[in-house]
Amino acid sequence: MMYFARWKVLLILAVLVLGCIFALPNLLPARIDNRIPGFLPHLRISLGLDLQGGSHLLLQADMESVVRERLAGIVDGFRTELRKANIGYTGLGIDGHAVKLTLRDKNDIEKARPILQSVAENMDLSISPDGQVSAAYSDATLKEIAQNAIQQSIEIVRRRVDETGTREPTIQRQGTDQILVQLPGLQDPERIKALLGKTAKMTFRLVDQTVSPDDAAAGRLPPTSEILPLATPRPGEEPSYVVQKRVMVSGESLTDAQATYRDAEPVVSFKFDSVGARRFCDVTKNNIGKPFAIVLDNKVISAPVIRDAICGGSGEISGNFTIQSAQDLALLLRAGALPAPLKIIEERSVGPDLGADSIRAGVYASIIGFALVATYMVLAYGLFGLFADVALIFNLILTIAALSLLQATLTLPGIAGMLLTLGMSVDANVLINERIREETRLGRSPIASLDAGFRRAFSTILDANLTTLIKMAILYVLGSGPVKGFAVTISLGICTSMFTAIVLVRWIMSVWLRRTRPARLKV
Amino acid sequence: MFRLRFVPDDTKIAFMKGRIAGLVTSAVLSIASIILFFYPGLNYGIDFRGGIVIEARTSGPAQFGALRSTLDGLGLGEAALQQFGGPEDVLIRLERQPGGDEAQQKAVEKVRAVLLQKFPGTELRSVEAVGATVSDTLFWNGMIALGLALIAMLIYIWFRFEWQFGVGAVVTLILDVTKTVGFFAITGLQFNLTSLAAILTIMGYSINDKVVVYDRVRENLRKYKSMPLRQLIDLSINETLNRTINTSFTTFLATLPLALVATGAVQEFAIVILFGIVVGTSSSIFIAAPILLFLGENRLRRGTKPKLVADARP
């Protein structure tokens with residue numbers, strides 16, 4: 001037990017040296033680290049948002065609205081197609097996740113079936129003998145719709161975040177309808193929050209000029225029009241427009257958008273794809289002299305009067321912008337519209353200097369904690385306490401090395417975890433030393449005492465550490481963010497302590513035993 | 001050569017004499033904790049209750065009166081203000097806003113706007129806003145984590161020792177956890193995700209301690225085949241007493257600076273751990289061992305031979 005083969009000694013030394021090499025980059029300032037030759041490791045521990053500063057946002061997609069929008073499309077489709085085929089119906093509307101209507105004439109059933117099925121492609125269509133029609137999405141289709149919507153949302157969130165120039169953002173799906181966005185080092189979370197909170201559905205629609213202001217105020221509108229507010233009304237301007245529901249050109253046809261200036265006023269210029277360009281050309285050609293509303297998320301940005309046909313496939317939006325709001329609109333149009341509105345259900349933002357304060361407090365606490373424990377061990381066990389202290393230093397180094405190597409995230413609770421591991425790893429040496437002491441007092445020779453001490457303490461240490469590891473695994477799976485960091489550092493610390501507290505200390509003691517050959521141990 | 005030792009070697013303290021007193025005291029404390037858990041209840045933090053916590057640093061010493069009246073004027077419910085760290089650091093807490101998850105974000109915007117307008121130079125050092133969806137999930141995950149941890153411990157100890165040990169350890173663990181919850185209720189410390197991590201850590205620490213004592217009991221059961229269980233448990237506790245105290249003391253020393261230097265959640269975390277170290281250590285001696293004695297008398301002694309085996313080491 002106290003004899004070490006040469007290859008084992010080499011292995012122990014190799015682990016220690018590698019540990020130091022991998023831990024080192026964390027201690028060097030970035031300036032020096034950059035000058036180290038490339039073959040040496042450069043990995044540093046990545047700091048959690050609570051230490052580095054940054055924002056953690058949890059977004060929830062409103063899946064219900066995706067389905068509702070789809071169903072509304074089906075209702076429109078039924079209406080147009082049935083009217084085209086001259087089939088009479090009543091009670092067309094949405095009921096839960098289904099579209100329902102009743103055919104006036106039972107004899108129309110067979111004629112209506114293929115028409116309805118072609119509109120409601122991937123829906124379950126059922127028509128009762130008395131003419132009641134129901135088209136519903138199956139659960140599998142609903143799941144697929146949600147799946148696609150969330151995937152698309154993640155893609156668009158990523159584009160929006162990337163456009164703002166945030167470095168190393170984490171964007172991932174969580175559960176069925178949530179998106180986790182982590183933005184390290186972010187200075188101003190407000191802008192990103194505002195950008196992510198917008199659906200950015202852009203449409204070009206004609207203003208309904210047939211409705212008098214009085215009728216509009218009283219809510220007397222044709223079913224094909226609606227009242228939309230102006231996004232940023234200038235003083236003295238009418239705060240809302242009556243706009244046709246029919247979309248002439250949609251924002252999906254945009255290929256590019258940029259913020260520029262026109263007469264010293266910020267505007268957003270845009271380009272259409274070929275289909276969009278043609279439609280825009282047709283609409284503007286046929287409606288010269290009429291106001292054309294540019295609508296974003298059900299708010300009118302502006303409604304300029306069409307002076308000429310615009311057939312170049314590009315145009316400009318002016319709308320009382322500031323430089324920032326023009327840039328943001330351009331960014332949103334470039335990144336595309338979200339299939340579902342997102343709402344922020346959790347925000348945790350930490351400023352960078354608070355993070356720096358936390359790191360400082362953590363480092364101080366660690367140094368003091370280490371000094372206290374190390375001193376106590378020497379007072380309690382003398383030389384053997386010193387051996388344990390050496391193990392403790394390497395335990396710390398190896399834990400840092402493992403964190404760097406795994407690119408694990410160190411959080412503030414993670415630093416607390418490191419301190420706790422300090423206590424736990426020294427426990428192994430306390431157990432061993434107490435055992436050695438007991439054996440010595442029973443009158444055993446030094447070598448027999450050391451041997452028995454390690455052997456008997458081992459199963460206890462293993463039990464104690466395994467139970468802790470089980471708990472940390474549970475905490476890791478069920479905890480979030482900073483708490484996960486705690487579980488990771490404790491687990492790594494315990495694993496490395498099995499090496500430092502047992503193997504390393506045993507080797508140090510065996511070397512010491514060979515060199516000094518004491519007649520009796522003084523533990 | 002000088003050696004710092006809190007307990008002399010070869011103590012022969014008859015701990016099991018106080019077994020009834022120990023169990024009763026523990027049961028009373030735990031029952032009191034459970035009552036405190038329901039009334040007045042815990043001070044649930046933002047993770048489990050939702051709401052808004054903002055850490056602000058004003059440009060000069062914070063004017064609490066003006067801040068309070070400004071924030072109360074927003075109609076967001078009563079704002080709890082707390083000074084921490086330096087005189088210009090203020091912790092602002094708002095209850096969860098009614099009206100769904102996005103209402104939290106609207107409230108944060110309002111607070112930010114009014115602070116920047118009325119107290120120029122104010123810096124929001126951290127903002128946390130949690131809606132009901134998230135806090136409910138976190139709460140249930142937390143409860144599941146606690147439950148799973150208890151079950152996992154029971155199975156592990158059961159697997160490694162006889163069932164009496166498993167039951168003894170888990171019952172003790174439950175008593176430890178209830179007392180820790182009681183500690184939260186009495187001190188009014190925020191109960192958050194980190195508090196849950198603290199409780200799980202205390203559980204881990206406490207079970208370590210039990211494992212050490214139980215290990216020695218098991219070893220002595222093999223070694224002294226005819227010693228009465230009561231005497232044997234006392235012997236085992238005495239033999240491991242120095243280790244128990246040394247380990248507790250070093251872990252206490254390691255955590256102490258954190259409780260003194262850190263602020264906010266981590267400081268509270270450290271304070272709870274310190275409490276847990278005391279509870280977990282004493283429960284090994286006064287709770288876990290007596291339970292083993294009650295459960296194990298006449299059972300852990302199957303096949304006892306009257307002959308005293310002095311040393312049954314392999």
# chains A, B, ... in the order shown; residues from 1 in each chain; ligands from 1
call {"tool": "select_by_dssp", "arguments": {"residues": "segment 321-428 of chain A", "states": "helix (DSSP H, G or I)", "output": "ChimeraX atom specification"}}
result
/A:323-335,352-381,383-406,412-428
call {"tool": "closest_atom_pairs", "arguments": {"of": "segment 43-142 of chain A", "to": "segment 355-368 of chain A", "cutoff": "10 Å", "atoms": "only C-alpha atoms", "output": "JSON lines"}}
result
{"residue": "A:Leu47", "atom": "CA", "partner": "A:Ile359", "partner_atom": "CA", "distance": 9.6}
{"residue": "A:Gly48", "atom": "CA", "partner": "A:Gly355", "partner_atom": "CA", "distance": 9.2}
{"residue": "A:Leu49", "atom": "CA", "partner": "A:Gly355", "partner_atom": "CA", "distance": 7.9}
{"residue": "A:Asp50", "atom": "CA", "partner": "A:Gly355", "partner_atom": "CA", "distance": 5.7}
{"residue": "A:Leu51", "atom": "CA", "partner": "A:Gly355", "partner_atom": "CA", "distance": 4.0}
{"residue": "A:Gln52", "atom": "CA", "partner": "A:Gly355", "partner_atom": "CA", "distance": 5.2}
{"residue": "A:Gly53", "atom": "CA", "partner": "A:Gly355", "partner_atom": "CA", "distance": 5.3}
{"residue": "A:Gly54", "atom": "CA", "partner": "A:Gly355", "partner_atom": "CA", "distance": 8.9}
call {"tool": "write_last_selection", "arguments": {"atoms": "N, CA and C atoms", "output": "PDB file, in the first residue's frame"}}
result
ATOM      1  N   LEU A  47     -16.802  32.559 -17.097  1.00  0.00           N
ATOM      2  CA  LEU A  47     -17.492  33.088 -15.928  1.00  0.00           C
ATOM      3  C   LEU A  47     -18.988  33.152 -16.201  1.00  0.00           C
ATOM      4  N   GLY A  48     -19.780  32.865 -15.176  1.00  0.00           N
ATOM      5  CA  GLY A  48     -21.227  32.945 -15.304  1.00  0.00           C
ATOM      6  C   GLY A  48     -21.675  34.387 -15.436  1.00  0.00           C
ATOM      7  N   LEU A  49     -22.923  34.555 -15.807  1.00  0.00           N
ATOM      8  CA  LEU A  49     -23.448  35.906 -15.996  1.00  0.00           C
ATOM      9  C   LEU A  49     -23.377  36.713 -14.702  1.00  0.00           C
ATOM     10  N   ASP A  50     -23.482  36.022 -13.554  1.00  0.00           N
ATOM     11  CA  ASP A  50     -23.481  36.762 -12.287  1.00  0.00           C
ATOM     12  C   ASP A  50     -22.098  37.310 -11.959  1.00  0.00           C
ATOM     13  N   LEU A  51     -21.040  36.744 -12.556  1.00  0.00           N
ATOM     14  CA  LEU A  51     -19.688  37.243 -12.287  1.00  0.00           C
ATOM     15  C   LEU A  51     -19.189  38.163 -13.392  1.00  0.00           C
ATOM     16  N   GLN A  52     -19.607  37.880 -14.604  1.00  0.00           N
ATOM     17  CA  GLN A  52     -19.090  38.608 -15.748  1.00  0.00           C
ATOM     18  C   GLN A  52     -19.996  39.788 -16.093  1.00  0.00           C
ATOM     19  N   GLY A  53     -21.214  39.737 -15.613  1.00  0.00           N
ATOM     20  CA  GLY A  53     -22.205  40.730 -16.016  1.00  0.00           C
ATOM     21  C   GLY A  53     -22.888  40.238 -17.277  1.00  0.00           C
ATOM     22  N   GLY A  54     -24.132  40.636 -17.462  1.00  0.00           N
ATOM     23  CA  GLY A  54     -24.852  40.187 -18.642  1.00  0.00           C
ATOM     24  C   GLY A  54     -26.312  39.949 -18.326  1.00  0.00           C
TER      25      GLY A  54
END
call {"tool": "interface_residues", "arguments": {"of": "chain B", "to": "chain A", "cutoff": "6 Å", "atoms": "only C-alpha atoms", "output": "MDAnalysis selection string"}}
result
chainID B and resid 3:4 101 125:131 141 149 204 208 212 247 250:251 254 257:258 262
call {"tool": "write_last_selection", "arguments": {"atoms": "C-alpha atoms", "output": "compact mmCIF listing (two decimals), in the first residue's frame"}}
result
# COMPACT_ATOMS: atom_id res chain seq x y z
CA ARG B 3 -1.21 19.47 18.82
CA LEU B 4 -4.46 21.41 18.88
CA ASP B 101 -45.71 37.33 -16.91
CA ARG B 125 -26.43 47.19 -11.02
CA SER B 126 -28.69 44.21 -11.32
CA VAL B 127 -32.27 43.59 -12.32
CA GLU B 128 -34.22 40.42 -11.71
CA ALA B 129 -37.82 40.02 -12.82
CA VAL B 130 -39.54 36.67 -12.54
CA GLY B 131 -43.08 35.88 -13.62
CA ASN B 141 -38.36 21.47 -9.47
CA ALA B 149 -32.32 13.56 -2.75
CA GLY B 204 -24.85 15.98 1.93
CA ASN B 208 -21.30 12.26 5.38
CA VAL B 212 -18.54 8.02 9.25
CA THR B 247 -14.06 18.03 10.05
CA THR B 250 -12.48 22.91 9.12
CA THR B 251 -15.67 23.14 7.05
CA ALA B 254 -13.81 27.38 5.16
CA PRO B 257 -15.16 34.12 5.42
CA LEU B 258 -17.94 33.80 2.88
CA ALA B 262 -19.88 38.18 0.68
call {"tool": "residues_around", "arguments": {"residues": "Phe64 of chain B", "least_positions_apart": "2", "cutoff": "10 Å", "atoms": "only C-alpha atoms", "output": "tab-separated table (two decimals) with C-alpha atoms, in the first residue's frame"}}
result
chain	number	residue	atom	x	y	z
B	61	PRO	CA	-25.88	58.52	-0.35
B	62	ALA	CA	-29.31	57.09	-1.03
B	66	ALA	CA	-37.58	60.23	-1.43
B	67	LEU	CA	-36.96	56.86	-3.08
B	68	ARG	CA	-39.80	55.26	-1.16
B	69	SER	CA	-42.34	57.93	-1.94
B	70	THR	CA	-41.32	57.98	-5.62
B	81	LEU	CA	-36.16	49.16	0.29
B	82	GLN	CA	-33.09	47.83	1.97
B	83	GLN	CA	-29.63	49.23	2.33
B	88	GLU	CA	-25.40	54.44	-1.88
B	90	VAL	CA	-30.18	50.15	-2.31
call {"tool": "residues_around", "arguments": {"residues": "segment 510-517 of chain A", "least_positions_apart": "5", "cutoff": "10 Å", "atoms": "only C-alpha atoms", "output": "PyMOL selection string"}}
result
chain A and resi 1-4+446-447+450-451+504-505
call {"tool": "atom_distance", "arguments": {"atom1": "atom CA of Ile179 of chain A", "atom2": "atom CA of Ala61 of chain A"}}
result
7.8 Å
call {"tool": "atom_distance", "arguments": {"atom1": "atom CA of Val247 of chain A", "atom2": "atom CA of Ile301 of chain A"}}
result
15.2 Å
call {"tool": "closest_residue", "arguments": {"among": "A:Phe321, A:Phe204, A:Phe78, A:Phe22", "to": "Ser404 of chain A", "atoms": "only C-alpha atoms"}}
result
A:Phe22
call {"tool": "select_by_dssp", "arguments": {"residues": "segment 58-305 of chain A", "states": "strand (DSSP E)", "output": "ChimeraX atom specification"}}
result
/A:58-61,89-95,98-103,124-127,132-136,170-174,178-184,202-206,225-229,240-244,249-250,254-262,265-272,292-296,299-302
call {"tool": "closest_residue", "arguments": {"among": "A:Arg160, A:Arg83, A:Arg506, A:Lys100", "to": "Gln327 of chain A", "atoms": "only C-alpha atoms"}}
result
A:Arg160
